[in-house]
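Structure below is structure-v3.csv: CSV, C-alpha atoms and all ligand atoms.
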chain,number,residue,atom,x,y,z
A,50,MET,CA,0.0,0.0,0.0
A,51,ARG,CA,1.5,3.3,-1.1
A,52,PRO,CA,0.0,6.7,-0.3
A,53,ASN,CA,-0.6,8.8,-3.5
A,54,ARG,CA,1.6,11.5,-2.2
A,55,PRO,CA,4.4,11.6,0.4
A,56,ILE,CA,3.3,11.8,4.0
A,57,TYR,CA,5.2,14.7,5.6
A,58,LEU,CA,6.3,13.9,9.2
A,59,ASP,CA,9.2,16.2,9.6
A,60,HIS,CA,7.5,19.4,10.9
A,61,HIS,CA,10.4,20.1,13.4
A,62,ALA,CA,12.8,20.5,10.5
A,63,THR,CA,10.5,22.9,8.6
A,64,THR,CA,6.7,23.4,8.0
A,65,PRO,CA,4.9,23.9,4.7
A,66,LEU,CA,3.9,27.4,3.8
A,67,ASP,CA,0.3,28.1,4.8
A,68,PRO,CA,-1.6,29.1,1.6
A,69,ARG,CA,-2.8,32.2,3.4
A,70,VAL,CA,0.8,33.2,4.0
A,71,LEU,CA,1.6,32.8,0.3
A,72,ALA,CA,-1.4,34.9,-0.6
A,73,ALA,CA,-0.3,37.6,1.8
A,74,MET,CA,3.2,37.7,0.3
A,75,ARG,CA,2.2,37.6,-3.3
A,76,PRO,CA,1.6,41.4,-3.9
A,77,TRP,CA,5.0,42.2,-2.3
A,78,TRP,CA,6.8,40.0,-4.9
A,79,GLU,CA,4.6,40.7,-7.9
A,80,GLU,CA,3.3,44.3,-7.6
A,81,ASN,CA,5.2,46.3,-5.0
A,82,PHE,CA,8.8,45.3,-5.0
A,83,ALA,CA,10.1,48.5,-3.4
A,84,ASN,CA,12.7,48.7,-0.7
A,85,PRO,CA,10.8,49.4,2.5
A,86,HIS,CA,13.6,51.8,3.5
A,87,SER,CA,12.9,54.0,0.4
A,88,ALA,CA,10.9,56.6,2.3
A,89,GLU,CA,11.0,59.1,-0.5
A,90,HIS,CA,8.4,57.5,-2.7
A,91,ALA,CA,5.0,56.0,-2.3
A,92,MET,CA,5.9,52.4,-3.1
A,93,GLY,CA,8.7,52.4,-0.5
A,94,ARG,CA,6.3,53.9,2.1
A,95,ALA,CA,3.7,51.3,1.3
A,96,ALA,CA,6.3,48.5,1.7
A,97,GLU,CA,7.4,50.1,5.0
A,98,ALA,CA,3.8,50.2,6.2
A,99,ALA,CA,3.4,46.5,5.4
A,100,VAL,CA,6.6,45.7,7.3
A,101,GLU,CA,5.3,47.6,10.3
A,102,GLU,CA,2.0,45.8,10.2
A,103,ALA,CA,3.9,42.5,10.3
A,104,ARG,CA,5.9,43.7,13.2
A,105,GLU,CA,2.7,44.4,15.1
A,106,GLN,CA,1.4,40.9,14.3
A,107,LEU,CA,4.6,39.4,15.7
A,108,ALA,CA,4.4,41.6,18.8
A,109,GLU,CA,0.8,40.5,19.3
A,110,LEU,CA,1.8,36.9,19.2
A,111,LEU,CA,4.3,37.4,22.0
A,112,GLY,CA,2.6,40.0,24.1
A,113,ALA,CA,5.3,42.5,23.2
A,114,ASP,CA,5.5,46.1,21.9
A,115,PRO,CA,6.2,46.2,18.1
A,116,ARG,CA,9.3,48.3,18.8
A,117,GLU,CA,10.7,45.3,20.6
A,118,VAL,CA,10.7,43.1,17.5
A,119,ILE,CA,13.9,42.9,15.5
A,120,LEU,CA,13.7,41.1,12.2
A,121,THR,CA,16.4,38.7,11.3
A,122,SER,CA,17.1,35.9,8.7
A,123,GLY,CA,15.8,33.2,11.1
A,124,ALA,CA,16.2,31.8,14.5
A,125,THR,CA,19.9,30.9,14.0
A,126,GLU,CA,20.7,34.6,13.5
A,127,ALA,CA,18.3,35.7,16.3
A,128,ASN,CA,20.0,33.3,18.8
A,129,ASN,CA,23.5,34.4,17.8
A,130,LEU,CA,22.5,38.1,18.0
A,131,ALA,CA,20.8,37.6,21.4
A,132,ILE,CA,23.6,35.6,23.0
A,133,LYS,CA,26.7,37.1,21.5
A,134,GLY,CA,25.1,40.6,21.3
A,135,ALA,CA,24.2,40.6,25.0
A,136,ALA,CA,27.5,39.2,26.2
A,137,ARG,CA,29.6,41.6,24.0
A,138,HIS,CA,27.6,44.6,25.2
A,139,ALA,CA,28.2,43.6,28.8
A,140,GLY,CA,31.9,42.8,28.3
A,141,THR,CA,33.9,40.8,30.7
A,142,GLU,CA,34.0,43.5,33.4
A,143,GLY,CA,30.8,42.3,35.1
A,144,PRO,CA,29.5,38.7,35.5
A,145,ARG,CA,31.0,36.5,32.8
A,146,ARG,CA,28.9,33.4,33.4
A,147,VAL,CA,26.6,32.3,30.5
A,148,ILE,CA,24.3,29.4,31.3
A,149,THR,CA,22.5,27.1,28.8
A,150,LEU,CA,21.2,23.6,28.5
A,151,ALA,CA,22.8,20.5,27.0
A,152,THR,CA,19.8,19.9,24.8
A,153,GLU,CA,19.8,23.3,23.1
A,154,HIS,CA,19.9,23.7,19.3
A,155,LYS,CA,23.4,23.7,18.0
A,156,CYS,CA,23.3,27.4,17.2
A,157,VAL,CA,22.8,28.2,20.8
A,158,LEU,CA,25.4,25.8,22.1
A,159,GLU,CA,27.9,27.0,19.5
A,160,SER,CA,27.2,30.7,20.3
A,161,VAL,CA,27.8,30.0,23.9
A,162,ARG,CA,31.0,28.1,23.1
A,163,ASP,CA,32.2,30.9,20.9
A,164,LEU,CA,31.9,33.2,23.9
A,165,ALA,CA,34.3,31.1,25.9
A,166,ALA,CA,37.0,32.2,23.5
A,167,GLU,CA,36.1,35.8,24.3
A,168,GLY,CA,36.6,35.4,28.0
A,169,PHE,CA,33.1,34.4,29.1
A,170,GLU,CA,32.4,31.3,31.2
A,171,PRO,CA,30.0,28.9,29.7
A,172,VAL,CA,28.0,26.6,31.9
A,173,ILE,CA,26.1,23.8,30.2
A,174,LEU,CA,23.4,22.3,32.5
A,175,PRO,CA,22.4,18.7,32.2
A,176,VAL,CA,18.8,17.5,31.8
A,177,GLY,CA,17.0,14.6,33.4
A,178,ALA,CA,15.9,11.4,31.5
A,179,ASP,CA,12.7,13.3,30.8
A,180,GLY,CA,14.6,16.1,29.0
A,181,LEU,CA,13.6,18.7,31.6
A,182,LEU,CA,15.9,21.2,33.2
A,183,ASP,CA,16.4,20.6,36.9
A,184,LEU,CA,15.5,23.9,38.6
A,185,ASP,CA,17.8,23.2,41.5
A,186,ALA,CA,20.7,22.8,39.1
A,187,LEU,CA,19.9,26.1,37.6
A,188,ARG,CA,19.6,27.7,41.0
A,189,ALA,CA,23.0,26.3,42.0
A,190,ALA,CA,24.6,27.6,38.7
A,191,LEU,CA,23.1,31.0,39.4
A,192,ALA,CA,24.8,31.2,42.8
A,193,VAL,CA,27.8,32.6,40.8
A,194,PRO,CA,26.9,36.1,39.3
A,195,THR,CA,25.5,35.4,35.8
A,196,LEU,CA,25.2,37.5,32.7
A,197,LEU,CA,22.8,35.5,30.7
A,198,VAL,CA,20.7,32.3,30.8
A,199,SER,CA,19.5,30.8,27.5
A,200,VAL,CA,16.9,28.0,27.8
A,201,MET,CA,14.8,26.8,24.8
A,202,ALA,CA,11.1,26.8,25.2
A,203,VAL,CA,10.4,23.5,23.2
A,204,ASN,CA,13.0,21.0,22.1
A,205,ASN,CA,13.2,20.3,18.4
A,206,GLU,CA,13.9,16.6,18.8
A,207,THR,CA,11.7,15.5,21.7
A,208,GLY,CA,9.1,18.3,21.8
A,209,VAL,CA,9.8,18.7,25.6
A,210,ILE,CA,8.3,22.0,27.0
A,211,GLN,CA,10.6,23.6,29.6
A,212,PRO,CA,8.9,25.3,32.6
A,213,LEU,CA,9.7,28.8,31.2
A,214,ALA,CA,7.8,30.9,33.7
A,215,GLU,CA,9.6,29.2,36.6
A,216,ILE,CA,12.9,29.5,34.9
A,217,GLY,CA,12.3,33.1,34.0
A,218,ALA,CA,11.3,34.0,37.6
A,219,LEU,CA,14.5,32.3,38.9
A,220,VAL,CA,16.7,34.0,36.4
A,221,LYS,CA,15.3,37.4,37.1
A,222,GLU,CA,15.5,36.8,40.9
A,223,HIS,CA,19.3,36.5,40.3
A,224,GLY,CA,19.5,39.6,38.1
A,225,ALA,CA,20.7,37.8,34.9
A,226,LEU,CA,19.3,38.3,31.4
A,227,PHE,CA,16.9,35.6,30.2
A,228,HIS,CA,16.9,34.4,26.6
A,229,THR,CA,14.7,31.7,25.1
A,230,ASP,CA,14.8,30.0,21.7
A,231,ALA,CA,11.1,29.7,20.9
A,232,ALA,CA,11.5,28.5,17.4
A,233,GLN,CA,9.5,25.3,18.1
A,234,ALA,CA,7.2,26.9,20.7
A,235,ALA,CA,5.7,29.9,18.8
A,236,GLY,CA,2.2,29.1,17.7
A,237,ARG,CA,2.3,25.7,19.5
A,238,ILE,CA,2.1,26.7,23.1
A,239,ALA,CA,0.9,30.0,24.7
A,240,LEU,CA,3.9,32.4,24.9
A,241,ASP,CA,3.9,35.7,26.5
A,242,VAL,CA,7.2,37.6,27.2
A,243,GLU,CA,5.8,39.1,30.4
A,244,GLU,CA,4.6,35.9,31.7
A,245,VAL,CA,7.9,34.1,31.2
A,246,ARG,CA,9.9,37.2,31.9
A,247,ALA,CA,12.0,36.9,28.8
A,248,ASP,CA,14.4,39.6,28.0
A,249,LEU,CA,15.2,38.1,24.6
A,250,LEU,CA,13.2,35.6,22.5
A,251,SER,CA,13.9,34.1,19.1
A,252,LEU,CA,11.6,32.6,16.5
A,253,SER,CA,11.7,31.5,12.9
A,254,GLY,CA,9.2,31.9,10.1
A,255,HIS,CA,9.6,28.5,8.5
A,256,LYS,CA,8.7,26.7,11.8
A,257,ILE,CA,5.4,28.4,12.0
A,258,TYR,CA,4.1,27.8,8.4
A,259,GLY,CA,5.7,31.0,7.2
A,260,PRO,CA,8.5,31.6,4.7
A,261,LYS,CA,12.1,30.4,5.0
A,262,GLY,CA,14.9,32.9,5.5
A,263,ILE,CA,13.1,35.2,8.0
A,264,GLY,CA,12.8,35.2,11.8
A,265,ALA,CA,12.7,37.6,14.7
A,266,LEU,CA,14.3,38.5,18.0
A,267,TYR,CA,12.3,40.1,20.7
A,268,VAL,CA,14.4,42.5,22.6
A,269,ARG,CA,13.0,43.9,25.9
A,270,ARG,CA,12.7,47.8,26.1
A,271,ARG,CA,11.8,48.1,29.8
A,272,PRO,CA,14.3,47.7,31.3
A,273,ARG,CA,16.2,48.1,28.0
A,274,VAL,CA,18.4,45.2,26.9
A,275,ARG,CA,21.4,46.4,25.0
A,276,LEU,CA,23.1,44.3,22.3
A,277,VAL,CA,26.1,44.7,20.1
A,278,PRO,CA,25.0,43.9,16.5
A,279,LEU,CA,26.5,41.1,14.5
A,280,PHE,CA,26.9,43.1,11.3
A,281,SER,CA,27.9,46.6,10.4
A,282,GLY,CA,25.8,48.5,7.9
A,283,GLY,CA,23.0,50.9,7.4
A,284,GLY,CA,21.7,50.6,10.9
A,285,GLN,CA,18.3,49.2,10.1
A,286,GLU,CA,16.2,47.5,12.9
A,287,ARG,CA,17.2,50.1,15.5
A,288,GLY,CA,20.8,49.6,14.7
A,289,LEU,CA,20.7,46.0,15.7
A,290,ARG,CA,20.4,44.3,12.3
A,291,SER,CA,21.7,46.2,9.2
A,292,GLY,CA,20.5,45.1,5.8
A,293,THR,CA,17.5,45.7,3.6
A,294,LEU,CA,14.4,44.0,5.0
A,295,PRO,CA,12.9,41.5,2.6
A,296,ALA,CA,9.4,43.0,2.7
A,297,PRO,CA,7.6,39.9,1.2
A,298,LEU,CA,9.2,37.6,3.7
A,299,VAL,CA,8.4,40.0,6.6
A,300,VAL,CA,4.8,40.2,5.5
A,301,GLY,CA,4.6,36.4,5.3
A,302,LEU,CA,6.1,36.1,8.8
A,303,GLY,CA,3.5,38.6,10.1
A,304,GLU,CA,0.7,36.6,8.6
A,305,ALA,CA,2.1,33.3,9.9
A,306,ALA,CA,2.2,34.9,13.4
A,307,ARG,CA,-1.3,36.2,13.1
A,308,ILE,CA,-2.6,32.7,12.1
A,309,ALA,CA,-0.4,31.0,14.8
A,310,GLY,CA,-1.9,33.3,17.5
A,311,GLY,CA,-5.4,32.7,16.4
A,312,GLU,CA,-5.3,29.1,15.5
A,313,GLY,CA,-2.1,27.6,16.9
A,314,LEU,CA,-3.6,26.3,20.1
A,315,LEU,CA,-6.7,25.0,18.2
A,316,ASP,CA,-4.3,23.2,15.9
A,317,ALA,CA,-2.6,21.6,18.9
A,318,GLY,CA,-5.9,19.9,20.0
A,319,ARG,CA,-6.4,18.4,16.6
A,320,ILE,CA,-2.8,17.4,16.2
A,321,ALA,CA,-2.8,15.7,19.6
A,322,GLY,CA,-5.7,13.6,18.4
A,323,GLN,CA,-3.9,12.6,15.3
A,324,ARG,CA,-0.7,11.7,17.2
A,325,ALA,CA,-2.9,9.5,19.4
A,326,ILE,CA,-4.1,7.6,16.3
A,327,LEU,CA,-0.6,7.1,15.1
A,328,LEU,CA,0.8,6.1,18.5
A,329,GLU,CA,-2.1,3.7,19.1
A,330,GLY,CA,-1.5,2.0,15.7
A,331,LEU,CA,2.2,1.8,16.3
A,332,ARG,CA,1.9,0.4,19.8
A,333,ALA,CA,-0.5,-2.3,18.6
A,334,ALA,CA,2.0,-3.3,15.9
A,335,ILE,CA,5.3,-2.9,17.8
A,336,PRO,CA,5.6,-4.4,21.2
A,337,GLY,CA,8.3,-2.7,23.3
A,338,LEU,CA,8.1,0.6,21.4
A,339,ARG,CA,9.3,3.4,23.6
A,340,VAL,CA,8.2,7.1,23.6
A,341,ASN,CA,11.1,9.2,24.7
A,342,ALA,CA,10.4,11.9,27.3
A,343,GLU,CA,6.9,10.5,27.6
A,344,ALA,CA,6.6,11.7,31.2
A,345,ALA,CA,7.4,15.4,30.3
A,346,PRO,CA,5.1,18.0,29.0
A,347,ARG,CA,5.5,17.9,25.2
A,348,VAL,CA,4.0,19.7,22.2
A,349,ALA,CA,1.2,18.0,20.4
A,350,GLY,CA,3.0,17.3,17.1
A,351,ASN,CA,6.0,15.4,18.5
A,352,LEU,CA,6.8,11.7,18.9
A,353,ASN,CA,10.4,10.7,19.6
A,354,LEU,CA,10.3,6.9,19.3
A,355,THR,CA,12.9,4.2,20.1
A,356,PHE,CA,12.1,1.0,18.1
A,357,PRO,CA,13.0,-2.4,19.6
A,358,GLY,CA,15.7,-4.3,17.6
A,359,VAL,CA,15.6,-2.3,14.4
A,360,ALA,CA,17.9,0.5,13.3
A,361,ALA,CA,16.2,3.8,12.5
A,362,ALA,CA,18.2,4.1,9.2
A,363,ALA,CA,16.9,0.7,8.1
A,364,LEU,CA,13.3,1.9,8.8
A,365,LEU,CA,13.8,5.1,6.9
A,366,ALA,CA,15.2,3.2,3.9
A,367,ALA,CA,12.1,0.9,4.0
A,368,LEU,CA,9.7,3.8,4.2
A,369,PRO,CA,10.5,6.1,1.2
A,370,ASP,CA,7.0,7.6,1.2
A,371,LEU,CA,7.3,8.9,4.7
A,372,MET,CA,9.3,12.1,5.1
A,373,LEU,CA,10.9,11.3,8.5
A,374,SER,CA,14.2,12.1,10.4
A,375,THR,CA,16.2,10.1,12.9
A,376,GLY,CA,16.8,11.6,16.3
A,377,SER,CA,20.4,11.9,15.1
A,378,ALA,CA,21.9,15.1,13.9
A,379,CYS,CA,24.0,14.3,10.8
A,380,THR,CA,27.0,16.5,10.7
A,381,SER,CA,29.1,16.3,7.5
A,382,ALA,CA,29.0,12.7,6.2
A,383,GLU,CA,29.4,11.3,9.7
A,384,ILE,CA,26.4,10.2,11.7
A,385,SER,CA,26.9,10.8,15.4
A,386,PRO,CA,24.2,10.1,18.0
A,387,SER,CA,22.0,13.1,18.8
A,388,HIS,CA,23.4,15.3,21.5
A,389,VAL,CA,19.8,15.7,22.8
A,390,LEU,CA,19.2,12.0,23.3
A,391,THR,CA,22.7,11.6,24.7
A,392,ALA,CA,22.0,14.3,27.3
A,393,MET,CA,18.9,12.4,28.3
A,394,GLY,CA,21.0,9.3,29.0
A,395,ILE,CA,20.1,7.4,25.9
A,396,GLY,CA,23.1,5.4,24.7
A,397,PRO,CA,24.4,5.4,21.1
A,398,GLU,CA,22.9,2.0,20.3
A,399,GLU,CA,19.4,3.1,21.4
A,400,ALA,CA,19.8,6.4,19.7
A,401,ALA,CA,20.5,4.6,16.4
A,402,ARG,CA,17.1,3.0,16.9
A,403,THR,CA,15.3,6.3,17.4
A,404,LEU,CA,13.1,8.3,15.0
A,405,ARG,CA,11.6,11.7,15.4
A,406,ILE,CA,8.1,12.1,14.0
A,407,GLY,CA,6.7,15.6,13.6
A,408,LEU,CA,3.0,16.2,12.8
A,409,GLY,CA,1.6,19.5,11.7
A,410,ARG,CA,-1.3,21.7,10.8
A,411,PHE,CA,-2.1,19.9,7.6
A,412,THR,CA,-1.6,16.3,8.8
A,413,SER,CA,-4.8,14.2,8.3
A,414,PRO,CA,-6.1,11.3,10.4
A,415,GLN,CA,-6.0,9.1,7.2
A,416,GLU,CA,-2.3,9.9,6.9
A,417,MET,CA,-1.8,8.8,10.5
A,418,GLN,CA,-3.6,5.5,9.9
A,419,GLN,CA,-1.5,4.9,6.8
A,420,ALA,CA,1.7,5.9,8.5
A,421,ALA,CA,1.0,3.6,11.4
A,422,ALA,CA,0.3,0.7,9.1
A,423,MET,CA,3.4,1.4,7.0
A,424,ILE,CA,5.8,1.8,9.9
A,425,GLY,CA,4.3,-1.2,11.7
A,426,ALA,CA,4.8,-3.4,8.6
A,427,ALA,CA,8.3,-2.2,7.9
A,428,TRP,CA,9.3,-2.8,11.5
A,429,LYS,CA,7.8,-6.3,11.5
A,430,SER,CA,9.6,-7.2,8.3
A,431,LEU,CA,12.9,-5.8,9.4
A,432,SER,CA,12.8,-7.4,12.9
A,433,GLN,CA,12.0,-10.8,11.3
A,434,HIS,CA,15.0,-10.3,9.1
A,435,GLU,CA,17.1,-9.3,12.1
A,436,ALA,CA,16.0,-12.4,14.0
A,437,ALA,CA,16.7,-14.7,11.1
A,438,ALA,CA,20.2,-13.2,10.8
A,439,GLU,CA,21.1,-14.0,14.4
B,1,LIG,C1,14.9,25.4,13.4
B,1,LIG,C2,15.4,25.8,14.7
B,1,LIG,C3,16.4,26.8,14.8
B,1,LIG,C4,17.0,27.5,13.6
B,1,LIG,O1,16.1,28.3,12.9
B,1,LIG,P1,16.4,28.8,11.5
B,1,LIG,O2,15.3,29.9,11.3
B,1,LIG,O3,16.3,27.7,10.5
B,1,LIG,O4,17.7,29.4,11.5
B,1,LIG,C5,16.8,27.2,16.1
B,1,LIG,N1,16.4,26.6,17.2
B,1,LIG,C6,15.4,25.7,17.1
B,1,LIG,C7,14.9,25.1,18.4
B,1,LIG,C8,14.9,25.2,15.9
B,1,LIG,O5,14.0,24.3,15.9

What does this structure look like when you write it as structure tokens?
Ligand SMILES: *Cc1c(COP(=O)(O)O)cnc(C)c1O
Amino acid sequence: MRPNRPIYLDHHATTPLDPRVLAAMRPWWEENFANPHSAEHAMGRAAEAAVEEAREQLAELLGADPREVILTSGATEANNLAIKGAARHAGTEGPRRVITLATEHKCVLESVRDLAAEGFEPVILPVGADGLLDLDALRAALAVPTLLVSVMAVNNETGVIQPLAEIGALVKEHGALFHTDAAQAAGRIALDVEEVRADLLSLSGHKIYGPKGIGALYVRRRPRVRLVPLFSGGGQERGLRSGTLPAPLVVGLGEAARIAGGEGLLDAGRIAGQRAILLEGLRAAIPGLRVNAEAAPRVAGNLNLTFPGVAAAALLAALPDLMLSTGSACTSAEISPSHVLTAMGIGPEEAARTLRIGLGRFTSPQEMQQAAAMIGAAWKSLSQHEAAAE
């Protein structure tokens, strides 16, 4: 049984463009292509007004002021700007400690690591087997005066939701800056910069059914958080991010944020139902199947699964119609076990039997029934093969 089109189960890697986002962007590609910084003519001013409307839509999603929204090329850039920008502004005269989590996205871990070379002191906190930060470990790390704490809202491999409000309260109690990478959280869980007491928050267009190549960094104004920009240039985005704003992408990001705010949480209810269909089908077919971080609060679209006796790579090869990823991050040609699973105490052999499944806004119940049947059948055939080989 083959589906008539691929079943897309990799929504953590990227999401499809919502057709409403494409429709909102169209005129800014096809009709008004002006530079939004060209204030001297009407087309430029219209493009600028569209950019500012998008900024308001983003601010609305986060409970922020539009002046606190800095547009970037994506969450990678936003995370680099937040972490390096805040540290470089503070310099090494005051607190030098920068705390983050072992399960962060590589762009956060590498940014923190880069700061070590500049005289800062990185502290990488462990997580429990459930993927959650231990608040006592954070409190202990904060006993040393700290410049910045960066903790992601939702993990991109396991879907684990960190207790951001508790973390934010603890960080602010100790007088440090609080940054959160919300690339996987925006539009999936309720997010409010006041509630979680974030000073800096990153998000990405292509993770919220918006365009690729655009994202944003929330930068708190009261009290004002100061950053050193990554690039030199024309001083756009309040001097924090020089470069011509891509008006069509910005408009698309705004529309994606508007939809995420209005429908994101409704999506979550439906997606959770579809995940239940998939998991029920898989559990019936695969005795001993394990859901990683099952005990932790997780977003609706995520399943991180360890399969008994069968390598994830073999499953992927047997399932060409399912667009899936392993839990492993592939760097260059070499496949090393995922640092996220490793941090949760999952060994390399188990990690090699682990798949990450990501459902999304346009996933259908029929697709989940089909996927469960296909994965179940592939696992059965491969595990019989394995057993025969032994
Ligand atoms: C995708 C992702 C990023 C990187 O976002 P880009 O916009 O692709 O640069 C950063 N952090 C997390 C948690 C992500 O899921």

| message | For ligand LIG 1 (chain B), return the neighbouring residues as an MDAnalysis selection string (distance at most 8 Å; all atoms listed in the file). | response | chainID A and resid 61:63 122:128 153:157 201:205 230:233 252:256 261:264

| message | Would you pick out the contacts of A:Val299 at 8 Å or less, using all atoms listed in the file, so that residues sharing its chain but fewer than 3 positions from it are not included, and give the list as a PyMOL selection string? | response | chain A and resi 100+103-104+120+263+294-296+302-303

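Counting from atom CA of A:Val268, the distance to atom CA of A:Ala165 is 23.2 Å.
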
Closest pair table for stretch 89-135 of chain A residues within 12 Å of stretch 169-184 of chain A, all atoms listed in the file, as a Markdown table:
| residue | atom | partner | partner_atom | distance |
| --- | --- | --- | --- | --- |
| A:Ile132 | CA | A:Phe169 | CA | 11.4 |
| A:Lys133 | CA | A:Phe169 | CA | 10.3 |
| A:Ala135 | CA | A:Phe169 | CA | 11.6 |

| message | Restricting the calculation to only C-alpha atoms: of A:Leu158, A:Leu315, A:Ile56, A:Leu240, which residue gets closest to A:Gln419? | response |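 Smallest separation from A:Gln419 among the options: A:Ile56.
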
Neighbour list for A:Pro369 as a PDB file with C-alpha atoms, keeping the file's coordinate frame, cut-off 12 Å, all atoms listed in the file, skip fewer than 5 positions in-chain:
ATOM      1  CA  ARG A  51       1.500   3.300  -1.100  1.00  0.00           C
ATOM      2  CA  PRO A  52       0.000   6.700  -0.300  1.00  0.00           C
ATOM      3  CA  ARG A  54       1.600  11.500  -2.200  1.00  0.00           C
ATOM      4  CA  PRO A  55       4.400  11.600   0.400  1.00  0.00           C
ATOM      5  CA  ILE A  56       3.300  11.800   4.000  1.00  0.00           C
ATOM      6  CA  TYR A  57       5.200  14.700   5.600  1.00  0.00           C
ATOM      7  CA  LEU A  58       6.300  13.900   9.200  1.00  0.00           C
ATOM      8  CA  ALA A 362      18.200   4.100   9.200  1.00  0.00           C
ATOM      9  CA  ALA A 363      16.900   0.700   8.100  1.00  0.00           C
ATOM     10  CA  LEU A 364      13.300   1.900   8.800  1.00  0.00           C
ATOM     11  CA  SER A 374      14.200  12.100  10.400  1.00  0.00           C
ATOM     12  CA  ALA A 420       1.700   5.900   8.500  1.00  0.00           C
ATOM     13  CA  MET A 423       3.400   1.400   7.000  1.00  0.00           C
ATOM     14  CA  ILE A 424       5.800   1.800   9.900  1.00  0.00           C
ATOM     15  CA  ALA A 427       8.300  -2.200   7.900  1.00  0.00           C
TER      16      ALA A 427
END

| message | Residues within 12 Å of A:Ala360, please, as JSON, numbers by chain. Count all atoms listed in the file; anything in the same chain fewer than 5 positions from it doesn't count. | response | {"A": [354, 355, 365, 366, 367, 375, 376, 377, 397, 398, 399, 400, 401, 402, 403, 404, 427, 428, 431, 432, 434, 435]}

Starting from the incomplete input, reconstruct N, CA and C atoms of stretch 255-272 of chain A and write that as a PDB file, in the frame of the given file.
ATOM      1  N   HIS A 255       9.930  29.753   9.199  1.00  0.00           N
ATOM      2  CA  HIS A 255       9.600  28.500   8.500  1.00  0.00           C
ATOM      3  C   HIS A 255       9.228  27.363   9.503  1.00  0.00           C
ATOM      4  N   LYS A 256       9.239  27.659  10.805  1.00  0.00           N
ATOM      5  CA  LYS A 256       8.700  26.700  11.800  1.00  0.00           C
ATOM      6  C   LYS A 256       7.278  26.952  12.133  1.00  0.00           C
ATOM      7  N   ILE A 257       6.754  28.088  11.653  1.00  0.00           N
ATOM      8  CA  ILE A 257       5.400  28.400  12.000  1.00  0.00           C
ATOM      9  C   ILE A 257       4.537  28.624  10.689  1.00  0.00           C
ATOM     10  N   TYR A 258       4.828  27.797   9.667  1.00  0.00           N
ATOM     11  CA  TYR A 258       4.100  27.800   8.400  1.00  0.00           C
ATOM     12  C   TYR A 258       4.244  29.119   7.650  1.00  0.00           C
ATOM     13  N   GLY A 259       5.367  29.772   7.920  1.00  0.00           N
ATOM     14  CA  GLY A 259       5.700  31.000   7.200  1.00  0.00           C
ATOM     15  C   GLY A 259       6.882  30.735   6.285  1.00  0.00           C
ATOM     16  N   PRO A 260       7.413  31.802   5.684  1.00  0.00           N
ATOM     17  CA  PRO A 260       8.500  31.600   4.700  1.00  0.00           C
ATOM     18  C   PRO A 260       9.843  31.280   5.377  1.00  0.00           C
ATOM     19  N   LYS A 261      10.714  30.691   4.602  1.00  0.00           N
ATOM     20  CA  LYS A 261      12.100  30.400   5.000  1.00  0.00           C
ATOM     21  C   LYS A 261      12.947  31.613   4.844  1.00  0.00           C
ATOM     22  N   GLY A 262      13.938  31.771   5.704  1.00  0.00           N
ATOM     23  CA  GLY A 262      14.900  32.900   5.500  1.00  0.00           C
ATOM     24  C   GLY A 262      14.451  34.149   6.286  1.00  0.00           C
ATOM     25  N   ILE A 263      13.517  34.014   7.214  1.00  0.00           N
ATOM     26  CA  ILE A 263      13.100  35.200   8.000  1.00  0.00           C
ATOM     27  C   ILE A 263      12.785  34.704   9.436  1.00  0.00           C
ATOM     28  N   GLY A 264      13.082  35.561  10.389  1.00  0.00           N
ATOM     29  CA  GLY A 264      12.800  35.200  11.800  1.00  0.00           C
ATOM     30  C   GLY A 264      12.798  36.545  12.565  1.00  0.00           C
ATOM     31  N   ALA A 265      12.734  36.425  13.869  1.00  0.00           N
ATOM     32  CA  ALA A 265      12.700  37.600  14.700  1.00  0.00           C
ATOM     33  C   ALA A 265      13.325  37.393  16.033  1.00  0.00           C
ATOM     34  N   LEU A 266      13.820  38.491  16.585  1.00  0.00           N
ATOM     35  CA  LEU A 266      14.300  38.500  18.000  1.00  0.00           C
ATOM     36  C   LEU A 266      13.517  39.548  18.731  1.00  0.00           C
ATOM     37  N   TYR A 267      12.876  39.124  19.795  1.00  0.00           N
ATOM     38  CA  TYR A 267      12.300  40.100  20.700  1.00  0.00           C
ATOM     39  C   TYR A 267      13.368  40.591  21.640  1.00  0.00           C
ATOM     40  N   VAL A 268      13.442  41.904  21.770  1.00  0.00           N
ATOM     41  CA  VAL A 268      14.400  42.500  22.600  1.00  0.00           C
ATOM     42  C   VAL A 268      13.721  43.470  23.595  1.00  0.00           C
ATOM     43  N   ARG A 269      13.723  43.174  24.864  1.00  0.00           N
ATOM     44  CA  ARG A 269      13.000  43.900  25.900  1.00  0.00           C
ATOM     45  C   ARG A 269      13.432  45.406  25.914  1.00  0.00           C
ATOM     46  N   ARG A 270      12.444  46.317  26.032  1.00  0.00           N
ATOM     47  CA  ARG A 270      12.700  47.800  26.100  1.00  0.00           C
ATOM     48  C   ARG A 270      12.711  48.241  27.593  1.00  0.00           C
ATOM     49  N   ARG A 271      11.874  47.594  28.436  1.00  0.00           N
ATOM     50  CA  ARG A 271      11.800  48.100  29.800  1.00  0.00           C
ATOM     51  C   ARG A 271      11.991  46.912  30.789  1.00  0.00           C
ATOM     52  N   PRO A 272      13.126  46.816  31.480  1.00  0.00           N
ATOM     53  CA  PRO A 272      14.300  47.700  31.300  1.00  0.00           C
ATOM     54  C   PRO A 272      14.995  47.275  29.959  1.00  0.00           C
TER      55      PRO A 272
END
